[in-house]
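Okay, structure first, notes after.
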Number of protein chains: 2
Amino acid sequence: MTDTEPADCAFCAIIEGRATANIIQIWHDAIAIRPRRGGVNDSHVLVIPRTHVADAGTDPAVTAATMARAAELAAQRPASNIIANVGAAAGQTVMHLHLHVITRTKGDGIQLPWTAQQEAERAAWGVTSRG
Amino acid sequence: MTDTEPADCAFCAIIEGRATANIIQIWHDAIAIRPRRGGVNDSHVLVIPRTHVADAGTDPAVTAATMARAAELAAQRPASNIIANVGAAAGQTVMHLHLHVITRTKGDGIQLPWTAQQEAERAAWGVTSRG
C-alpha cells in the first residue's frame, strides 16, 4: 500500500488480496470484477485500475489505460455501455476509479439519461439505416 | 477522407469541415461538440476522435486516447458521467466513436441504469462517509 491508497478503499483491498471479490479478469494494470450486489444484469462488470486514483478526472493516463481494458471487454460483446461515474453526485459509490461495462440487448429496458430523446437525436444527425 | 471514413459519417463531416456543429474544444486527436438536439442538459458534450472508428470496441488505443480527453473535461466539472454507447442496442446513434460527458448535480433526476440500486451497492461495499 502506498500513501495514495487509503486503507479503507474497498477496491485496493481486493487488488491487494485483503478482501474477496468475484474476479472476472486480471491484467497487469487492471482487474475486472462483478459488482458486490450483482449489478444491473448478469453481464455487469467493473474495470478497476490497480493504481488507486479517486475517479476518472484524477489522472487522464490511468483513466485512458482503464478504458482500453473496458474496450477489450466491449469488443467481446454484441452491444454494451461503458460508464464512468465521476463524483458522488454522478452516482460514484466507491472512490477508486472504476468503469462499468454492461451488455445491452434491444428492448432490455435499461435506462440511460437520453433514452427518451434518442430517436430525435438520431433524426437530427441525419442517421438513417446505419443504426 | 480515407477508405475507413464513410462519406455519410456525420462526425467525419464535422471533423473535415464539411458540416457545421457547435464545437466546444479541439485537440490534435479529438474534438468536443454539443449534441445536435441540445443533449440531456446544457453541459452535455460529445468527445469524438478525429480518426474514424465505429465504436468503443473497435480500437482500444483510439478509445483510450478519446477517454483521456473526456477525462480532461470531467476534471473541470464537480461531478459527471462519461458514457460510451457501444452498438445500436446500447443506444449508439452515430457509428463513429463518441463519449458523452454530462455534468451531474445531486438530485438532478438524470437516470442511469443503477439509480435504484445505488444505495444498496454503497452499503454492500461497506462505504460510509466516503461517497
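Residues are referred to by chain and number: the chain letter is A, B, ... according to the order shown in the C-alpha cells, the number counts from 1 in that chain, and ligands are numbered separately from 1 in the order shown.
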
Any idea what's packed within 8 Å of Val101 in chain A, counting only C-alpha atoms, ignoring anything in its chain fewer than 3 positions away? Could you give it as a PyMOL selection string?
chain A and resi 43-47+70+73-74+80-83

Just the selected residues (N, CA, C and O atoms), exported as a JSON list (two decimals), in the first residue's frame, please.
[["chain", "number", "residue", "atom", "x", "y", "z"],
["A", 43, "SER", "N", -24.36, -9.43, -16.86],
["A", 43, "SER", "CA", -23.18, -9.06, -17.64],
["A", 43, "SER", "C", -22.34, -7.97, -16.98],
["A", 43, "SER", "O", -21.24, -7.67, -17.44],
["A", 44, "HIS", "N", -22.85, -7.36, -15.96],
["A", 44, "HIS", "CA", -22.28, -6.13, -15.39],
["A", 44, "HIS", "C", -20.93, -6.40, -14.73],
["A", 44, "HIS", "O", -20.84, -7.23, -13.82],
["A", 45, "VAL", "N", -19.89, -5.75, -15.19],
["A", 45, "VAL", "CA", -18.58, -5.85, -14.55],
["A", 45, "VAL", "C", -18.03, -4.45, -14.30],
["A", 45, "VAL", "O", -18.44, -3.48, -14.95],
["A", 46, "LEU", "N", -17.11, -4.39, -13.37],
["A", 46, "LEU", "CA", -16.40, -3.16, -13.04],
["A", 46, "LEU", "C", -14.93, -3.34, -13.43],
["A", 46, "LEU", "O", -14.30, -4.31, -13.00],
["A", 47, "VAL", "N", -14.40, -2.46, -14.23],
["A", 47, "VAL", "CA", -13.00, -2.49, -14.62],
["A", 47, "VAL", "C", -12.27, -1.46, -13.77],
["A", 47, "VAL", "O", -12.62, -0.27, -13.78],
["A", 70, "ALA", "N", -11.60, -1.76, -20.63],
["A", 70, "ALA", "CA", -13.06, -1.82, -20.81],
["A", 70, "ALA", "C", -13.41, -2.02, -22.27],
["A", 70, "ALA", "O", -14.35, -2.74, -22.61],
["A", 73, "LEU", "N", -13.26, -5.60, -23.28],
["A", 73, "LEU", "CA", -14.48, -6.33, -22.89],
["A", 73, "LEU", "C", -15.64, -5.98, -23.82],
["A", 73, "LEU", "O", -16.41, -6.86, -24.22],
["A", 74, "ALA", "N", -15.75, -4.70, -24.15],
["A", 74, "ALA", "CA", -16.85, -4.28, -25.04],
["A", 74, "ALA", "C", -16.73, -4.96, -26.40],
["A", 74, "ALA", "O", -17.75, -5.31, -27.02],
["A", 80, "SER", "N", -22.93, -2.78, -25.73],
["A", 80, "SER", "CA", -22.70, -2.53, -24.31],
["A", 80, "SER", "C", -22.64, -1.04, -24.04],
["A", 80, "SER", "O", -22.45, -0.23, -24.95],
["A", 81, "ASN", "N", -22.81, -0.69, -22.78],
["A", 81, "ASN", "CA", -22.49, 0.65, -22.31],
["A", 81, "ASN", "C", -21.24, 0.57, -21.45],
["A", 81, "ASN", "O", -21.09, -0.37, -20.67],
["A", 82, "ILE", "N", -20.37, 1.55, -21.60],
["A", 82, "ILE", "CA", -19.23, 1.75, -20.70],
["A", 82, "ILE", "C", -19.49, 3.07, -19.99],
["A", 82, "ILE", "O", -19.68, 4.10, -20.66],
["A", 83, "ILE", "N", -19.50, 3.04, -18.67],
["A", 83, "ILE", "CA", -19.93, 4.23, -17.92],
["A", 83, "ILE", "C", -18.96, 4.50, -16.78],
["A", 83, "ILE", "O", -18.64, 3.61, -16.00]]

Return as a tab-separated table the residues of chain B lying at most 7 Å from chain A, together with the closest atom-to-atom pair for each and the distance in Å to one decimal, counting only C-alpha atoms, with rows in chain order and ascending residue number.
residue	atom	partner	partner_atom	distance
B:Ala10	CA	A:Trp125	CA	6.5
B:Arg36	CA	A:Ala124	CA	6.3
B:Arg37	CA	A:Glu121	CA	5.9
B:Val40	CA	A:Trp114	CA	6.1
B:Ala56	CA	A:Ala71	CA	5.8
B:Gly57	CA	A:Ala75	CA	4.2
B:Thr58	CA	A:Ala75	CA	6.6
B:Pro60	CA	A:Ala68	CA	4.7
B:Ala61	CA	A:Ala68	CA	6.4
B:Thr63	CA	A:Ala68	CA	6.5
B:Ala64	CA	A:Ala64	CA	4.3
B:Ala65	CA	A:Ala64	CA	6.1
B:Met67	CA	A:Ala64	CA	5.3
B:Ala68	CA	A:Pro60	CA	4.7
B:Ala71	CA	A:Gly57	CA	4.9
B:Glu72	CA	A:Gly57	CA	6.4
B:Ala74	CA	A:Gly57	CA	5.2
B:Ala75	CA	A:Gly57	CA	4.2
B:Ala79	CA	A:Gly87	CA	4.8
B:Ser80	CA	A:Val86	CA	5.1
B:Asn81	CA	A:Asn85	CA	4.8
B:Ile82	CA	A:Ala84	CA	5.0
B:Ile83	CA	A:Ile83	CA	4.5
B:Ala84	CA	A:Ile82	CA	5.0
B:Asn85	CA	A:Asn81	CA	4.7
B:Val86	CA	A:Ser80	CA	5.1
B:Gly87	CA	A:Ala79	CA	4.8
B:Ala88	CA	A:Gly131	CA	5.4
B:Ala89	CA	A:Lys106	CA	4.6
B:Ala90	CA	A:Arg104	CA	5.3
B:Thr93	CA	A:Arg122	CA	5.5
B:Val94	CA	A:Val127	CA	6.8
B:Arg104	CA	A:Ala90	CA	5.3
B:Thr105	CA	A:Ala89	CA	5.3
B:Lys106	CA	A:Ala89	CA	4.7
B:Ile110	CA	A:Pro113	CA	5.6
B:Gln111	CA	A:Pro113	CA	4.9
B:Leu112	CA	A:Leu112	CA	4.8
B:Pro113	CA	A:Gln111	CA	4.9
B:Trp114	CA	A:Val40	CA	6.1
B:Glu121	CA	A:Arg37	CA	5.9
B:Arg122	CA	A:Thr93	CA	5.5
B:Ala124	CA	A:Arg36	CA	6.3
B:Trp125	CA	A:Ala10	CA	6.5
B:Val127	CA	A:Val94	CA	6.8
B:Arg130	CA	A:Met95	CA	7.0
B:Gly131	CA	A:Thr93	CA	5.0

For a quick check of understanding, using only C-alpha atoms, which of B:Arg18, B:Ala7, B:Leu97, B:Ala54 has the smallest distance to Ile31 in chain B?
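Smallest separation from Ile31 in chain B among the options: B:Leu97.
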
Taken to one decimal, the CA of His98 in chain A-CA of Arg50 in chain B distance is 26.0 Å

May I have all residues of chain B that DSSP, computed from the backbone, assigns to strand (DSSP E), given as an NGL selection string?
:B and (23-26 or 30-33 or 45-49 or 80-86 or 99-103)

I'd like the contact shell of Ala21 in chain A - 8 Å cut-off, only C-alpha atoms, skipping same-chain residues fewer than 5 positions apart - returned as a ChimeraX atom specification.
/A:14,33-34,36

With N, CA, C and O atoms retained, export the selected residues as a PDB file, in the first residue's frame.
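Output (part-v9.pdb):
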ATOM      1  N   ILE A  14      -9.298  -5.435  -2.464  1.00  0.00           N
ATOM      2  CA  ILE A  14      -9.447  -6.570  -3.392  1.00  0.00           C
ATOM      3  C   ILE A  14      -8.165  -6.756  -4.200  1.00  0.00           C
ATOM      4  O   ILE A  14      -7.653  -7.874  -4.338  1.00  0.00           O
ATOM      5  N   ILE A  33     -14.160  -7.078 -12.047  1.00  0.00           N
ATOM      6  CA  ILE A  33     -14.910  -7.837 -11.046  1.00  0.00           C
ATOM      7  C   ILE A  33     -16.401  -7.634 -11.256  1.00  0.00           C
ATOM      8  O   ILE A  33     -16.836  -6.715 -11.970  1.00  0.00           O
ATOM      9  N   ARG A  34     -17.174  -8.506 -10.630  1.00  0.00           N
ATOM     10  CA  ARG A  34     -18.620  -8.321 -10.610  1.00  0.00           C
ATOM     11  C   ARG A  34     -18.980  -7.380  -9.459  1.00  0.00           C
ATOM     12  O   ARG A  34     -18.344  -7.427  -8.392  1.00  0.00           O
ATOM     13  N   ARG A  36     -20.670  -6.134  -6.153  1.00  0.00           N
ATOM     14  CA  ARG A  36     -20.967  -6.912  -4.949  1.00  0.00           C
ATOM     15  C   ARG A  36     -22.429  -7.370  -4.919  1.00  0.00           C
ATOM     16  O   ARG A  36     -22.728  -8.475  -4.491  1.00  0.00           O
TER      17      ARG A  36
END

Could you tell me, as a PyMOL selection string, which residues of chain A DSSP assigns to alpha helix (DSSP H) when given the backbone?
chain A and resi 10-15+60-75+118-124

Export, as a compact mmCIF listing (two decimals), in the first residue's frame, the selected residues with N, CA, C and O atoms.
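What ended up in out_12.txt:
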# COMPACT_ATOMS: atom_id res chain seq x y z
N ALA A 10 -12.19 -0.03 -0.63
CA ALA A 10 -12.70 -1.39 -0.86
C ALA A 10 -12.02 -2.04 -2.06
O ALA A 10 -11.79 -3.26 -2.08
N PHE A 11 -11.69 -1.26 -3.09
CA PHE A 11 -11.10 -1.85 -4.29
C PHE A 11 -9.60 -2.11 -4.10
O PHE A 11 -9.07 -3.12 -4.60
N CYS A 12 -8.90 -1.24 -3.40
CA CYS A 12 -7.49 -1.53 -3.08
C CYS A 12 -7.42 -2.83 -2.26
O CYS A 12 -6.50 -3.64 -2.47
N ALA A 13 -8.36 -3.04 -1.36
CA ALA A 13 -8.35 -4.26 -0.55
C ALA A 13 -8.47 -5.50 -1.43
O ALA A 13 -7.80 -6.51 -1.20
N ILE A 14 -9.30 -5.44 -2.46
CA ILE A 14 -9.45 -6.57 -3.39
C ILE A 14 -8.16 -6.76 -4.20
O ILE A 14 -7.65 -7.87 -4.34
N ILE A 15 -7.63 -5.67 -4.71
CA ILE A 15 -6.42 -5.74 -5.55
C ILE A 15 -5.23 -6.29 -4.77
O ILE A 15 -4.42 -7.05 -5.30
N PRO A 60 -5.74 11.45 -16.22
CA PRO A 60 -6.20 11.03 -17.55
C PRO A 60 -5.48 9.80 -18.09
O PRO A 60 -6.09 8.98 -18.78
N ALA A 61 -4.20 9.62 -17.75
CA ALA A 61 -3.47 8.47 -18.29
C ALA A 61 -3.98 7.16 -17.68
O ALA A 61 -4.15 6.16 -18.40
N VAL A 62 -4.22 7.16 -16.39
CA VAL A 62 -4.77 5.96 -15.75
C VAL A 62 -6.19 5.70 -16.27
O VAL A 62 -6.56 4.56 -16.56
N THR A 63 -6.95 6.76 -16.41
CA THR A 63 -8.31 6.61 -16.94
C THR A 63 -8.28 6.03 -18.35
O THR A 63 -9.07 5.13 -18.67
N ALA A 64 -7.37 6.51 -19.17
CA ALA A 64 -7.27 6.02 -20.55
C ALA A 64 -6.89 4.55 -20.58
O ALA A 64 -7.46 3.76 -21.33
N ALA A 65 -5.91 4.16 -19.76
CA ALA A 65 -5.48 2.76 -19.74
C ALA A 65 -6.61 1.85 -19.27
O ALA A 65 -6.79 0.74 -19.79
N THR A 66 -7.37 2.33 -18.29
CA THR A 66 -8.50 1.53 -17.80
C THR A 66 -9.58 1.43 -18.87
O THR A 66 -10.20 0.37 -19.05
N MET A 67 -9.76 2.52 -19.62
CA MET A 67 -10.73 2.49 -20.71
C MET A 67 -10.33 1.50 -21.79
O MET A 67 -11.19 0.84 -22.40
N ALA A 68 -9.03 1.36 -22.04
CA ALA A 68 -8.58 0.38 -23.04
C ALA A 68 -8.99 -1.03 -22.61
O ALA A 68 -9.37 -1.86 -23.45
N ARG A 69 -8.93 -1.33 -21.32
CA ARG A 69 -9.35 -2.65 -20.82
C ARG A 69 -10.86 -2.81 -20.95
O ARG A 69 -11.35 -3.89 -21.36
N ALA A 70 -11.60 -1.76 -20.63
CA ALA A 70 -13.06 -1.82 -20.81
C ALA A 70 -13.41 -2.02 -22.27
O ALA A 70 -14.35 -2.74 -22.61
N ALA A 71 -12.63 -1.39 -23.15
CA ALA A 71 -12.87 -1.54 -24.59
C ALA A 71 -12.64 -2.97 -25.04
O ALA A 71 -13.36 -3.48 -25.91
N GLU A 72 -11.66 -3.64 -24.46
CA GLU A 72 -11.43 -5.06 -24.77
C GLU A 72 -12.68 -5.87 -24.44
O GLU A 72 -13.08 -6.77 -25.20
N LEU A 73 -13.26 -5.60 -23.28
CA LEU A 73 -14.48 -6.33 -22.89
C LEU A 73 -15.64 -5.98 -23.82
O LEU A 73 -16.41 -6.86 -24.22
N ALA A 74 -15.75 -4.70 -24.15
CA ALA A 74 -16.85 -4.28 -25.04
C ALA A 74 -16.73 -4.96 -26.40
O ALA A 74 -17.75 -5.31 -27.02
N ALA A 75 -15.51 -5.16 -26.86
CA ALA A 75 -15.30 -5.78 -28.17
C ALA A 75 -15.78 -7.23 -28.20
O ALA A 75 -16.04 -7.78 -29.26
N GLN A 118 -33.53 9.71 -27.75
CA GLN A 118 -32.61 9.06 -28.67
C GLN A 118 -33.07 9.13 -30.13
O GLN A 118 -32.28 9.40 -31.03
N GLU A 119 -34.35 8.90 -30.32
CA GLU A 119 -34.85 8.90 -31.69
C GLU A 119 -34.74 10.29 -32.32
O GLU A 119 -34.41 10.43 -33.49
N ALA A 120 -35.01 11.32 -31.50
CA ALA A 120 -34.90 12.68 -32.03
C ALA A 120 -33.47 13.00 -32.42
O ALA A 120 -33.21 13.62 -33.45
N GLU A 121 -32.53 12.53 -31.58
CA GLU A 121 -31.11 12.79 -31.86
C GLU A 121 -30.70 12.07 -33.15
O GLU A 121 -29.99 12.62 -33.99
N ARG A 122 -31.16 10.86 -33.27
CA ARG A 122 -30.84 10.08 -34.47
C ARG A 122 -31.29 10.84 -35.73
O ARG A 122 -30.54 10.98 -36.69
N ALA A 123 -32.50 11.35 -35.67
CA ALA A 123 -33.03 12.07 -36.82
C ALA A 123 -32.24 13.36 -37.06
O ALA A 123 -31.97 13.73 -38.20
N ALA A 124 -31.84 14.03 -35.97
CA ALA A 124 -31.15 15.32 -36.11
C ALA A 124 -29.80 15.17 -36.78
O ALA A 124 -29.33 16.06 -37.49

Pairwise distance for CA of Trp27 in chain A and CA of Ala30 in chain B, rounded to one decimal in Å:
27.3 Å
